[in-house]
file model-v4.txt (compact mmCIF, C-alpha atoms and all ligand atoms)
# COMPACT_ATOMS: atom_id res chain seq x y z
CA MET A 359 113.40 109.93 134.73
CA THR A 360 116.66 111.23 136.16
CA PRO A 361 118.66 113.72 134.07
CA ALA A 362 121.31 111.01 133.51
CA ALA A 363 118.64 108.52 132.33
CA ARG A 364 117.42 111.10 129.83
CA VAL A 365 120.96 111.37 128.45
CA GLN A 366 121.20 107.58 128.05
CA MET A 367 117.81 107.51 126.33
CA ALA A 368 118.99 110.24 123.95
CA ILE A 369 122.12 108.19 123.20
CA ASP A 370 120.01 105.09 122.41
CA LEU A 371 117.81 107.18 120.14
CA LEU A 372 120.83 108.69 118.41
CA ASP A 373 122.09 105.18 117.65
CA GLN A 374 118.83 104.56 115.80
CA VAL A 375 118.95 107.89 113.98
CA ILE A 376 122.53 107.19 112.87
CA ALA A 377 121.67 103.67 111.67
CA ALA A 378 118.68 105.04 109.76
CA ALA A 379 120.84 107.73 108.14
CA ARG A 380 123.27 105.04 106.97
CA ASN A 381 120.58 102.63 105.72
CA ARG A 382 118.11 105.16 104.34
CA GLY A 383 115.70 104.31 107.15
CA ALA A 384 113.09 106.50 108.85
CA ALA A 385 113.63 110.20 109.52
CA ALA A 386 114.59 111.28 113.05
CA ASP A 387 111.17 112.75 113.91
CA VAL A 388 109.50 109.46 112.92
CA ILE A 389 111.99 107.46 115.01
CA LEU A 390 111.37 109.70 118.01
CA ALA A 391 107.60 109.55 117.68
CA ARG A 392 107.66 105.72 117.51
CA TRP A 393 110.08 105.46 120.40
CA PHE A 394 107.97 107.56 122.75
CA ALA A 395 104.77 105.82 121.68
CA GLU A 396 106.33 102.57 122.97
CA ARG A 397 107.62 104.12 126.19
CA ARG A 398 104.68 105.64 127.97
CA PHE A 399 106.70 105.91 131.20
CA ALA A 400 108.49 108.93 129.69
CA GLY A 401 106.38 111.95 130.62
CA ALA A 402 105.99 115.15 128.60
CA LYS A 403 108.94 116.83 130.36
CA ASP A 404 111.18 113.79 129.79
CA ARG A 405 110.22 113.64 126.12
CA ARG A 406 110.93 117.32 125.62
CA ALA A 407 114.31 117.05 127.34
CA VAL A 408 115.33 113.88 125.44
CA ARG A 409 114.21 115.36 122.13
CA ALA A 410 116.25 118.52 122.78
CA LEU A 411 119.35 116.43 123.60
CA VAL A 412 118.96 114.31 120.45
CA TYR A 413 118.53 117.30 118.14
CA ASP A 414 121.29 119.35 119.81
CA ALA A 415 123.68 116.41 119.35
CA ILE A 416 122.63 115.97 115.70
CA ARG A 417 123.19 119.68 115.05
CA ARG A 418 126.63 119.51 116.63
CA CYS A 419 128.04 116.80 114.29
CA GLY A 420 128.73 117.59 110.64
CA GLU A 421 129.72 114.08 109.58
CA VAL A 422 127.76 110.94 110.54
CA PRO A 423 129.02 110.10 114.07
CA VAL A 424 130.34 106.61 114.82
CA SER A 425 127.75 106.16 117.59
CA GLY A 426 125.10 107.94 119.61
CA ARG A 427 127.46 108.11 122.56
CA ALA A 428 130.19 109.72 120.42
CA ALA A 429 127.63 112.32 119.27
CA MET A 430 126.51 113.02 122.84
CA LEU A 431 130.12 113.34 123.95
CA ALA A 432 130.65 115.95 121.23
CA LEU A 433 127.74 117.91 122.71
CA ALA A 434 129.10 117.39 126.23
CA GLN A 435 132.39 119.01 125.16
CA THR A 436 130.47 122.29 124.96
CA GLN A 437 128.30 121.72 128.06
CA PRO A 438 130.15 120.82 131.27
CA ALA A 439 126.85 120.13 133.09
CA LEU A 440 126.04 117.49 130.49
CA ALA A 441 129.49 115.91 130.82
CA ASP A 442 128.85 115.58 134.58
CA LEU A 443 125.83 113.36 133.84
CA PHE A 444 128.11 110.65 132.43
CA ASP A 445 128.35 109.31 135.98
CA GLY A 446 127.67 105.58 135.69
CA SER A 447 124.49 105.93 137.77
CA ARG A 448 121.60 103.45 137.32
CA TYR A 449 120.02 104.00 133.82
CA GLY A 450 122.57 106.76 133.15
CA PRO A 451 125.55 106.68 130.74
CA ALA A 452 128.83 105.10 131.83
CA ALA A 453 131.60 107.40 132.99
CA ILE A 454 133.72 108.89 130.19
CA ALA A 455 136.78 106.74 129.53
CA ALA A 456 140.10 108.18 128.45
CA GLY A 457 140.53 108.11 124.67
CA GLU A 458 136.99 107.02 123.79
CA PRO A 459 135.64 108.24 120.45
CA VAL A 460 134.08 111.71 120.31
CA ALA A 461 132.34 112.78 117.10
CA ALA A 462 133.89 115.70 115.23
CA GLN A 463 131.97 118.96 115.48
CA GLY A 464 130.99 120.61 112.20
CA VAL A 465 128.21 122.02 110.09
CA ALA A 466 128.03 119.43 107.32
CA PRO A 467 130.01 116.68 105.62
CA ALA A 468 133.15 118.13 104.00
CA TRP A 469 131.90 117.70 100.42
CA LEU A 470 128.75 119.70 101.23
CA GLU A 471 130.67 122.44 103.02
CA ALA A 472 132.75 122.80 99.82
CA ALA A 473 129.57 122.91 97.71
CA PHE A 474 128.11 125.65 99.93
CA GLU A 475 131.27 127.69 99.64
CA ALA A 476 131.14 127.34 95.85
CA SER A 477 127.50 128.48 96.06
CA GLY A 478 128.51 131.71 97.82
CA LEU A 479 127.57 130.83 101.41
CA ASP A 480 130.00 131.76 104.15
CA GLY A 481 130.46 129.98 107.49
CA ASP A 482 127.81 132.03 109.32
CA GLU A 483 125.24 131.32 106.58
CA CYS A 484 126.02 127.60 106.80
CA ALA A 485 125.87 127.53 110.61
CA ALA A 486 122.44 129.22 110.53
CA LEU A 487 121.11 126.31 108.44
CA LEU A 488 121.11 124.40 111.73
CA ASP A 489 119.27 126.96 113.88
CA ARG A 490 115.92 126.02 115.32
CA ALA A 491 113.11 126.88 112.91
CA PRO A 492 110.36 129.22 114.10
CA LEU A 493 106.69 128.26 113.91
CA ASP A 494 105.03 130.13 111.05
CA LEU A 495 101.40 130.10 109.97
CA ARG A 496 99.90 131.18 106.66
CA VAL A 497 96.55 132.75 107.25
CA ASN A 498 94.06 131.54 104.66
CA ARG A 499 92.59 134.73 103.19
CA LEU A 500 89.69 132.70 101.82
CA LYS A 501 88.49 132.18 105.38
CA ALA A 502 90.17 134.60 107.78
CA THR A 503 92.31 137.69 108.27
CA PRO A 504 95.77 137.84 109.86
CA GLU A 505 94.36 140.14 112.57
CA ALA A 506 91.66 137.62 113.52
CA VAL A 507 94.08 134.66 113.65
CA ALA A 508 96.74 136.70 115.50
CA ALA A 509 94.17 137.45 118.20
CA LEU A 510 93.90 133.69 118.90
CA PHE A 511 97.54 133.19 119.91
CA ASP A 512 99.70 134.84 122.56
CA GLY A 513 102.87 136.29 121.11
CA ALA A 514 101.82 136.11 117.44
CA GLU A 515 104.03 138.37 115.31
CA ARG A 516 103.37 139.73 111.81
CA LEU A 517 106.22 139.55 109.28
CA ALA A 518 106.88 142.52 107.02
CA PHE A 519 107.89 140.39 104.03
CA ALA A 520 105.01 137.90 104.10
CA PRO A 521 101.68 139.65 104.63
CA ASP A 522 99.70 136.48 105.39
CA ALA A 523 102.29 135.09 107.81
CA LEU A 524 102.19 134.93 111.58
CA ARG A 525 105.19 133.81 113.63
CA LEU A 526 104.30 132.09 116.90
CA PRO A 527 106.27 131.02 119.96
CA GLU A 528 107.75 127.54 119.41
CA GLU A 529 105.53 124.63 120.38
CA THR A 530 102.30 126.63 120.35
CA PRO A 531 99.73 123.84 119.89
CA VAL A 532 98.09 125.22 116.77
CA ASP A 533 96.55 122.14 115.19
CA ARG A 534 94.19 121.48 118.07
CA THR A 535 92.40 124.79 117.65
CA GLU A 536 88.98 125.21 116.10
CA ALA A 537 90.38 127.80 113.68
CA TYR A 538 92.79 125.19 112.28
CA VAL A 539 90.07 122.59 111.88
CA GLU A 540 87.96 125.18 110.07
CA GLY A 541 90.78 126.04 107.65
CA ALA A 542 91.58 129.55 108.87
CA PHE A 543 95.33 128.86 108.59
CA GLU A 544 98.01 126.37 107.59
CA VAL A 545 101.40 125.77 109.16
CA GLN A 546 103.84 126.99 106.49
CA ASP A 547 107.30 128.53 106.67
CA ALA A 548 107.25 132.24 105.77
CA GLY A 549 109.86 131.62 103.06
CA SER A 550 107.63 129.03 101.48
CA GLN A 551 104.82 131.61 101.54
CA LEU A 552 107.03 134.24 99.94
CA VAL A 553 108.20 132.02 97.07
CA SER A 554 104.59 130.95 96.44
CA ALA A 555 103.57 134.63 96.27
CA LEU A 556 106.42 135.41 93.86
CA ALA A 557 104.96 132.91 91.40
CA GLY A 558 102.38 135.63 90.68
CA ALA A 559 99.23 133.48 90.52
CA ALA A 560 96.14 135.66 90.00
CA PRO A 561 92.36 135.11 89.85
CA GLY A 562 91.18 133.39 86.66
CA MET A 563 94.51 131.84 85.72
CA THR A 564 95.12 128.26 84.66
CA VAL A 565 97.93 127.00 86.88
CA ILE A 566 99.77 123.69 87.00
CA ASP A 567 101.56 122.81 90.24
CA LEU A 568 103.75 120.07 88.83
CA CYS A 569 105.24 118.83 92.14
CA ALA A 570 102.35 119.57 94.46
CA GLY A 571 103.05 117.00 97.18
CA GLY A 572 100.48 117.46 99.94
CA GLY A 573 99.52 120.85 98.54
CA GLY A 574 101.29 123.38 100.77
CA LYS A 575 101.99 125.71 97.86
CA THR A 576 98.87 124.70 95.93
CA LEU A 577 96.71 126.11 98.72
CA ALA A 578 98.77 129.31 98.86
CA LEU A 579 98.37 129.69 95.07
CA ALA A 580 94.62 129.11 95.36
CA ALA A 581 94.33 131.81 98.03
CA ALA A 582 96.29 134.24 95.81
CA MET A 583 93.80 133.40 93.03
CA ALA A 584 90.88 134.15 95.40
CA ASN A 585 89.69 130.62 94.55
CA GLN A 586 88.98 131.66 90.93
CA GLY A 587 90.50 129.88 87.95
CA ARG A 588 91.88 126.37 87.79
CA ILE A 589 94.80 124.54 89.41
CA LEU A 590 96.01 121.12 88.32
CA ALA A 591 98.07 119.66 91.16
CA CYS A 592 100.36 116.80 90.13
CA ASP A 593 102.81 114.51 91.88
CA VAL A 594 104.26 111.02 91.55
CA ASP A 595 103.75 110.23 95.24
CA ARG A 596 100.25 108.87 95.81
CA PRO A 597 100.22 109.08 99.65
CA ARG A 598 101.34 112.72 99.56
CA LEU A 599 98.98 113.75 96.79
CA SER A 600 96.06 112.02 98.47
CA LYS A 601 96.32 114.50 101.36
CA LEU A 602 95.75 117.44 99.05
CA MET A 603 92.02 117.29 98.35
CA PRO A 604 90.96 116.94 102.03
CA ARG A 605 93.23 119.89 102.85
CA ALA A 606 91.75 121.89 99.99
CA GLU A 607 88.27 121.17 101.23
CA ARG A 608 89.15 122.30 104.74
CA ALA A 609 90.67 125.48 103.28
CA GLY A 610 87.57 126.23 101.18
CA VAL A 611 89.51 125.75 97.92
CA SER A 612 87.34 124.41 95.09
CA ILE A 613 89.47 125.13 92.00
CA THR A 614 91.96 122.28 92.41
CA GLU A 615 92.07 118.88 90.77
CA THR A 616 94.84 116.31 91.19
CA LEU A 617 96.71 114.11 88.73
CA LEU A 618 98.98 111.27 89.81
CA LEU A 619 101.97 111.08 87.49
CA ASN A 620 104.20 108.22 86.50
CA PRO A 621 107.89 109.22 86.82
CA ALA A 622 109.56 109.82 83.42
CA ARG A 623 106.13 109.63 81.69
CA GLU A 624 104.80 112.97 82.92
CA ALA A 625 104.59 114.57 79.47
CA GLU A 626 102.35 111.75 78.22
CA ALA A 627 99.88 112.16 81.11
CA LEU A 628 99.86 115.93 80.60
CA ALA A 629 99.46 115.86 76.78
CA ASP A 630 96.05 117.60 76.95
CA TRP A 631 97.58 120.47 78.93
CA ARG A 632 100.26 121.29 76.39
CA GLU A 633 100.61 125.11 76.04
CA GLN A 634 97.50 125.61 78.19
CA ALA A 635 98.90 127.04 81.40
CA ASP A 636 99.35 130.68 82.33
CA LEU A 637 101.67 129.52 85.06
CA VAL A 638 103.50 126.28 85.85
CA VAL A 639 105.11 125.95 89.28
CA VAL A 640 107.91 123.41 89.67
CA ASP A 641 108.52 123.07 93.40
CA ALA A 642 111.08 120.46 92.52
CA PRO A 643 112.31 117.46 94.48
CA CYS A 644 115.68 118.55 95.90
CA SER A 645 118.35 117.89 98.49
CA GLY A 646 116.44 120.04 101.00
CA THR A 647 119.60 121.75 102.31
CA GLY A 648 117.45 124.81 103.08
CA THR A 649 115.29 122.84 105.51
CA TRP A 650 117.95 121.39 107.78
CA ARG A 651 116.61 123.54 110.62
CA ARG A 652 113.72 121.06 110.73
CA ASN A 653 115.55 117.81 109.94
CA PRO A 654 119.26 118.37 110.61
CA GLU A 655 120.09 114.66 110.21
CA ALA A 656 119.20 114.99 106.51
CA ARG A 657 122.75 116.22 105.95
CA TRP A 658 124.05 112.80 107.03
CA ARG A 659 121.91 111.13 104.39
CA LEU A 660 122.73 113.12 101.31
CA THR A 661 125.42 111.73 98.97
CA PRO A 662 126.98 113.28 95.85
CA ALA A 663 125.22 110.62 93.75
CA GLN A 664 121.81 111.51 95.23
CA LEU A 665 122.44 115.19 94.62
CA GLU A 666 123.24 114.38 91.00
CA ARG A 667 119.97 112.45 90.68
CA TYR A 668 118.02 115.42 92.06
CA VAL A 669 119.72 117.74 89.58
CA ASP A 670 118.82 115.41 86.69
CA THR A 671 115.18 115.11 87.83
CA GLN A 672 114.88 118.89 88.19
CA ALA A 673 116.24 119.44 84.68
CA HIS A 674 113.80 116.85 83.33
CA LEU A 675 110.84 118.43 85.15
CA LEU A 676 111.71 121.91 83.92
CA ASP A 677 111.68 120.59 80.37
CA VAL A 678 108.32 118.88 80.96
CA ALA A 679 106.93 122.08 82.51
CA ALA A 680 108.11 124.29 79.63
CA ARG A 681 105.86 122.44 77.20
CA LEU A 682 102.80 123.18 79.35
CA VAL A 683 103.19 126.97 79.33
CA ARG A 684 101.24 129.06 76.80
CA PRO A 685 103.11 131.77 74.87
CA GLY A 686 103.43 134.71 77.28
CA GLY A 687 102.97 132.43 80.28
CA ALA A 688 105.46 131.73 83.05
CA LEU A 689 107.36 128.90 84.63
CA VAL A 690 108.54 129.18 88.24
CA HIS A 691 111.38 127.03 89.53
CA ILE A 692 111.56 126.60 93.31
CA VAL A 693 113.91 124.50 95.42
CA CYS A 694 114.33 124.47 99.19
CA SER A 695 118.05 124.14 98.68
CA LEU A 696 120.92 126.62 98.67
CA LEU A 697 123.18 124.69 96.32
CA ASP A 698 123.67 126.43 92.98
CA ALA A 699 123.54 123.10 91.17
CA GLU A 700 119.83 122.92 92.04
CA GLY A 701 119.00 126.63 91.81
CA ALA A 702 120.92 129.26 89.86
CA GLY A 703 122.82 126.64 87.83
CA GLN A 704 119.65 124.79 86.91
CA VAL A 705 118.05 127.99 85.59
CA GLU A 706 121.19 128.95 83.70
CA ARG A 707 121.11 125.58 81.94
CA PHE A 708 117.40 125.96 81.12
CA VAL A 709 117.73 129.44 79.61
CA ALA A 710 120.74 128.37 77.55
CA ALA A 711 118.92 125.31 76.20
CA GLN A 712 115.47 126.84 75.57
CA PRO A 713 115.35 129.68 73.08
CA GLY A 714 112.40 132.04 73.59
CA TRP A 715 112.54 131.99 77.38
CA ALA A 716 113.88 134.73 79.67
CA ALA A 717 114.17 135.13 83.42
CA VAL A 718 112.28 138.06 84.94
CA ARG A 719 113.62 140.10 87.85
CA LEU A 720 111.81 139.29 91.05
CA ASP A 721 111.12 142.32 93.18
CA ALA A 722 110.80 140.83 96.62
CA PRO A 723 110.67 142.31 100.12
CA ALA A 724 113.24 139.71 101.29
CA GLY A 725 116.02 137.57 99.88
CA ARG A 726 118.96 138.42 97.65
CA PRO A 727 119.56 137.92 93.95
CA ARG A 728 121.39 134.74 92.99
CA GLY A 729 122.04 134.12 89.29
CA GLU A 730 118.77 134.68 87.44
CA GLY A 731 116.69 134.22 90.58
CA LEU A 732 116.37 135.04 94.24
CA ARG A 733 117.69 133.25 97.30
CA LEU A 734 116.31 133.25 100.83
CA THR A 735 118.48 132.04 103.70
CA PRO A 736 117.85 131.40 107.40
CA LEU A 737 120.57 133.90 108.40
CA HIS A 738 119.51 136.75 106.12
CA ASP A 739 115.75 136.21 106.01
CA THR A 740 114.89 134.09 109.10
CA THR A 741 113.15 131.63 106.77
CA ASP A 742 114.00 128.21 105.43
CA GLY A 743 116.50 128.38 102.58
CA PHE A 744 114.96 128.69 99.10
CA PHE A 745 115.91 129.51 95.55
CA VAL A 746 113.18 130.81 93.24
CA ALA A 747 113.30 131.99 89.63
CA LYS A 748 110.55 133.05 87.24
CA LEU A 749 110.95 132.36 83.53
CA VAL A 750 108.65 133.82 80.91
CA ARG A 751 107.89 132.22 77.56
CA GLN A 752 108.23 135.03 75.08
CA CYS A 753 106.88 133.34 71.96
C1 LIG B 801 109.54 119.90 97.46
S1 LIG B 801 108.38 118.64 97.35
C2 LIG B 801 106.90 119.51 96.98
C3 LIG B 801 106.29 120.21 98.15
C4 LIG B 801 104.94 120.81 97.86
N1 LIG B 801 104.91 121.58 96.65
C5 LIG B 801 104.48 121.68 99.02
O1 LIG B 801 104.54 122.91 98.94
O2 LIG B 801 104.07 121.12 100.04
C6 LIG B 801 108.75 117.91 95.82
C7 LIG B 801 107.71 116.94 95.33
O3 LIG B 801 108.10 116.50 94.02
C8 LIG B 801 107.56 115.22 93.85
N2 LIG B 801 108.18 114.61 92.66
C9 LIG B 801 109.30 113.87 92.58
N3 LIG B 801 109.50 113.46 91.32
C10 LIG B 801 108.49 113.96 90.57
C11 LIG B 801 108.12 113.86 89.20
N4 LIG B 801 108.86 113.18 88.33
N5 LIG B 801 107.00 114.48 88.79
C12 LIG B 801 106.23 115.20 89.67
N6 LIG B 801 106.52 115.29 90.99
C13 LIG B 801 107.63 114.69 91.43
C14 LIG B 801 107.81 114.56 95.18
O4 LIG B 801 106.97 113.44 95.35
C15 LIG B 801 107.53 115.68 96.16
O5 LIG B 801 106.21 115.63 96.64

call {"tool": "encode", "arguments": {"input": "model-v4.txt", "output": "structure tokens", "more": "lines below"}}
Ligand SMILES: C[S@@+](CC[C@H](N)C(=O)[O-])C[C@H]1O[C@@H](n2cnc3c(N)ncnc32)[C@H](O)[C@@H]1O
result
Amino acid sequence: MTPAARVQMAIDLLDQVIAAARNRGAAADVILARWFAERRFAGAKDRRAVRALVYDAIRRCGEVPVSGRAAMLALAQTQPALADLFDGSRYGPAAIAAGEPVAAQGVAPAWLEAAFEASGLDGDECAALLDRAPLDLRVNRLKATPEAVAALFDGAERLAFAPDALRLPEETPVDRTEAYVEGAFEVQDAGSQLVSALAGAAPGMTVIDLCAGGGGKTLALAAAMANQGRILACDVDRPRLSKLMPRAERAGVSITETLLLNPAREAEALADWREQADLVVVDAPCSGTGTWRRNPEARWRLTPAQLERYVDTQAHLLDVAARLVRPGGALVHIVCSLLDAEGAGQVERFVAAQPGWAAVRLDAPAGRPRGEGLRLTPLHDTTDGFFVAKLVRQC
């Protein structure tokens, strides 16, 4: 493909991404994967170049652009060589016409920028939410050591704040290695590893992972427990939860069982677990503002009403979780969001409403205190954005 044809392909893809953002359709990475599967003529180099153009244009536009072309023109404003490719050549984009729409550049929709500011994030912190995410692995201590896994990959770096983490050069093909198939490591952001470690799971504990999804944190908790004790992994999403047990098997984790929950009837399904857990982890459904590095178009999808629904669900799940904790046990609230409404504010509400609970100070090698918890940000910590707080039931 010519460079100009790549630009036109990126514009066509952006049109689909924009339509999906408006209609709650597929995520950008799914749209791209489908698109390339149907267009085998695009070689690996073309795909990489088109993907980079699409994501750079998405990152450039804070509000949903009117069209893919308007988004690409916004990117071209910062890259003269890209503007030159609007040359009207065969398969390339038409020449730029005077006065045609160009998407506004920005970090996020205005209402979200205001919410970040109110949550104590300055412009540099917000801009870093759109950086490219590094590739992090969590070495599975049940099967391997960081030294042994690091020796498998050129350029693997250890991270001081996450002892089981390795940071690899972008696009290292990790999942085709024998070590991956044998469960020596998982792909997991170092921030996600750190918040899992801060939960304080230890061998012999009874742990409930209330929002386990596909088990990313469940497996980290199991490794911290040296595969001793018991973990009940719950979720309301059957397809996600069904991935957990095969992953656990690959990782050599045998202490996990799963429970599919019915939304709003979680307490009923968990009646036998009331006051049984040493630790309940609520890795709650959230707006995901801390993970925009991976899916920057998510900021075009979020609405104030959706954010409110997340906040309500989180409050509900914290109340469900509290009933599962034994006296002296702990509840850990995690969100991959940097909005106070989902993090510090949520914990403040919980502590005010639940007598007998107190937040404990988290001594962590990264992050900064926020309210009663700790916050990790891409700018400060080079991780995805997270809020984590640990609450202890005193009586
Ligand atoms: C942030 S994700 C969890 C990610 C997972 N813990 C991991 O580390 O890979 C939040 C999860 O909460 C689940 N969820 C949403 N509503 C729920 C509910 N009412 N009860 C339990 N889980 C719920 C979602 O299906 C989603 O898998």

call {"tool": "residues_near_ligand", "arguments": {"input": "model-v4.txt", "ligand": "ligand LIG 801 (chain B)", "cutoff": "9 Å", "atoms": "all atoms listed in the file", "output": "JSON, numbers by chain"}}
result
{"A": [546, 550, 554, 567, 568, 569, 570, 571, 572, 573, 574, 575, 576, 577, 578, 591, 592, 593, 594, 595, 596, 598, 599, 618, 619, 620, 621, 622, 623, 624, 639, 640, 641, 642, 643, 644, 646, 668, 671, 672, 674, 675, 692, 693, 694]}

call {"tool": "write_last_selection", "arguments": {"input": "model-v4.txt", "atoms": "C-alpha atoms", "output": "PDB file, in the frame of the given file"}}
result
ATOM      1  CA  GLN A 546     103.840 126.990 106.490  1.00  0.00           C
ATOM      2  CA  SER A 550     107.630 129.030 101.480  1.00  0.00           C
ATOM      3  CA  SER A 554     104.590 130.950  96.440  1.00  0.00           C
ATOM      4  CA  ASP A 567     101.560 122.810  90.240  1.00  0.00           C
ATOM      5  CA  LEU A 568     103.750 120.070  88.830  1.00  0.00           C
ATOM      6  CA  CYS A 569     105.240 118.830  92.140  1.00  0.00           C
ATOM      7  CA  ALA A 570     102.350 119.570  94.460  1.00  0.00           C
ATOM      8  CA  GLY A 571     103.050 117.000  97.180  1.00  0.00           C
ATOM      9  CA  GLY A 572     100.480 117.460  99.940  1.00  0.00           C
ATOM     10  CA  GLY A 573      99.520 120.850  98.540  1.00  0.00           C
ATOM     11  CA  GLY A 574     101.290 123.380 100.770  1.00  0.00           C
ATOM     12  CA  LYS A 575     101.990 125.710  97.860  1.00  0.00           C
ATOM     13  CA  THR A 576      98.870 124.700  95.930  1.00  0.00           C
ATOM     14  CA  LEU A 577      96.710 126.110  98.720  1.00  0.00           C
ATOM     15  CA  ALA A 578      98.770 129.310  98.860  1.00  0.00           C
ATOM     16  CA  ALA A 591      98.070 119.660  91.160  1.00  0.00           C
ATOM     17  CA  CYS A 592     100.360 116.800  90.130  1.00  0.00           C
ATOM     18  CA  ASP A 593     102.810 114.510  91.880  1.00  0.00           C
ATOM     19  CA  VAL A 594     104.260 111.020  91.550  1.00  0.00           C
ATOM     20  CA  ASP A 595     103.750 110.230  95.240  1.00  0.00           C
ATOM     21  CA  ARG A 596     100.250 108.870  95.810  1.00  0.00           C
ATOM     22  CA  ARG A 598     101.340 112.720  99.560  1.00  0.00           C
ATOM     23  CA  LEU A 599      98.980 113.750  96.790  1.00  0.00           C
ATOM     24  CA  LEU A 618      98.980 111.270  89.810  1.00  0.00           C
ATOM     25  CA  LEU A 619     101.970 111.080  87.490  1.00  0.00           C
ATOM     26  CA  ASN A 620     104.200 108.220  86.500  1.00  0.00           C
ATOM     27  CA  PRO A 621     107.890 109.220  86.820  1.00  0.00           C
ATOM     28  CA  ALA A 622     109.560 109.820  83.420  1.00  0.00           C
ATOM     29  CA  ARG A 623     106.130 109.630  81.690  1.00  0.00           C
ATOM     30  CA  GLU A 624     104.800 112.970  82.920  1.00  0.00           C
ATOM     31  CA  VAL A 639     105.110 125.950  89.280  1.00  0.00           C
ATOM     32  CA  VAL A 640     107.910 123.410  89.670  1.00  0.00           C
ATOM     33  CA  ASP A 641     108.520 123.070  93.400  1.00  0.00           C
ATOM     34  CA  ALA A 642     111.080 120.460  92.520  1.00  0.00           C
ATOM     35  CA  PRO A 643     112.310 117.460  94.480  1.00  0.00           C
ATOM     36  CA  CYS A 644     115.680 118.550  95.900  1.00  0.00           C
ATOM     37  CA  GLY A 646     116.440 120.040 101.000  1.00  0.00           C
ATOM     38  CA  TYR A 668     118.020 115.420  92.060  1.00  0.00           C
ATOM     39  CA  THR A 671     115.180 115.110  87.830  1.00  0.00           C
ATOM     40  CA  GLN A 672     114.880 118.890  88.190  1.00  0.00           C
ATOM     41  CA  HIS A 674     113.800 116.850  83.330  1.00  0.00           C
ATOM     42  CA  LEU A 675     110.840 118.430  85.150  1.00  0.00           C
ATOM     43  CA  ILE A 692     111.560 126.600  93.310  1.00  0.00           C
ATOM     44  CA  VAL A 693     113.910 124.500  95.420  1.00  0.00           C
ATOM     45  CA  CYS A 694     114.330 124.470  99.190  1.00  0.00           C
TER      46      CYS A 694
END

call {"tool": "residues_around", "arguments": {"input": "model-v4.txt", "residues": "segment 490-503 of chain A", "least_positions_apart": "2", "cutoff": "8 Å", "atoms": "only C-alpha atoms", "output": "short mmCIF file (atom, residue, chain, number, x, y, z; two decimals) with C-alpha atoms, keeping the file's coordinate frame"}}
result
data_model
loop_
_atom_site.label_atom_id
_atom_site.label_comp_id
_atom_site.auth_asym_id
_atom_site.auth_seq_id
_atom_site.Cartn_x
_atom_site.Cartn_y
_atom_site.Cartn_z
CA LEU A 488 121.11 124.40 111.73
CA GLU A 505 94.36 140.14 112.57
CA ALA A 506 91.66 137.62 113.52
CA VAL A 507 94.08 134.66 113.65
CA ASP A 522 99.70 136.48 105.39
CA ALA A 523 102.29 135.09 107.81
CA LEU A 524 102.19 134.93 111.58
CA ARG A 525 105.19 133.81 113.63
CA LEU A 526 104.30 132.09 116.90
CA PRO A 527 106.27 131.02 119.96
CA GLU A 528 107.75 127.54 119.41
CA GLU A 529 105.53 124.63 120.38
CA THR A 530 102.30 126.63 120.35
CA GLY A 541 90.78 126.04 107.65
CA ALA A 542 91.58 129.55 108.87
CA PHE A 543 95.33 128.86 108.59
CA GLU A 544 98.01 126.37 107.59
CA VAL A 545 101.40 125.77 109.16
CA GLN A 546 103.84 126.99 106.49
CA ASP A 547 107.30 128.53 106.67
CA ALA A 548 107.25 132.24 105.77
CA GLN A 551 104.82 131.61 101.54
CA ALA A 578 98.77 129.31 98.86
CA ALA A 581 94.33 131.81 98.03
CA ALA A 584 90.88 134.15 95.40
CA ASN A 585 89.69 130.62 94.55
CA ALA A 609 90.67 125.48 103.28
CA GLY A 610 87.57 126.23 101.18
CA VAL A 611 89.51 125.75 97.92
CA ARG A 651 116.61 123.54 110.62
CA ARG A 652 113.72 121.06 110.73
CA THR A 741 113.15 131.63 106.77
CA ASP A 742 114.00 128.21 105.43
#

call {"tool": "residues_near_point", "arguments": {"input": "model-v4.txt", "point": "(121.5, 112.6, 127.5)", "cutoff": "9 Å", "atoms": "only C-alpha atoms", "output": "PyMOL selection string"}}
result
chain A and resi 361-369+407-408+411-412+427+430+440+443-444+450-451

call {"tool": "residues_around", "arguments": {"input": "model-v4.txt", "residues": "Pro467 of chain A", "least_positions_apart": "3", "cutoff": "8 Å", "atoms": "only C-alpha atoms", "output": "list in words"}}
result
Gly420, Glu421, Val422, Gly464, Leu470, Glu471, Arg657 and Trp658 of chain A

call {"tool": "closest_residue", "arguments": {"input": "model-v4.txt", "among": "A:Ala656, A:Ala629, A:Val553, A:Leu737", "to": "Gly383 of chain A", "atoms": "all atoms listed in the file"}}
result
A:Ala656

call {"tool": "residues_near_point", "arguments": {"input": "model-v4.txt", "point": "(104.1, 128.0, 83.0)", "cutoff": "6 Å", "atoms": "all atoms listed in the file", "output": "count of residues only"}}
result
8

call {"tool": "atom_distance", "arguments": {"input": "model-v4.txt", "atom1": "atom CA of Ser645 of chain A", "atom2": "atom CA of Thr661 of chain A"}}
result
9.4 Å

call {"tool": "closest_residue", "arguments": {"input": "model-v4.txt", "among": "A:Ala386, A:Leu665, A:Ala557, A:Leu487", "to": "Val750 of chain A", "atoms": "all atoms listed in the file"}}
result
A:Ala557

call {"tool": "atom_distance", "arguments": {"input": "model-v4.txt", "atom1": "atom CA of Arg409 of chain A", "atom2": "atom CA of Met359 of chain A"}}
result
13.7 Å
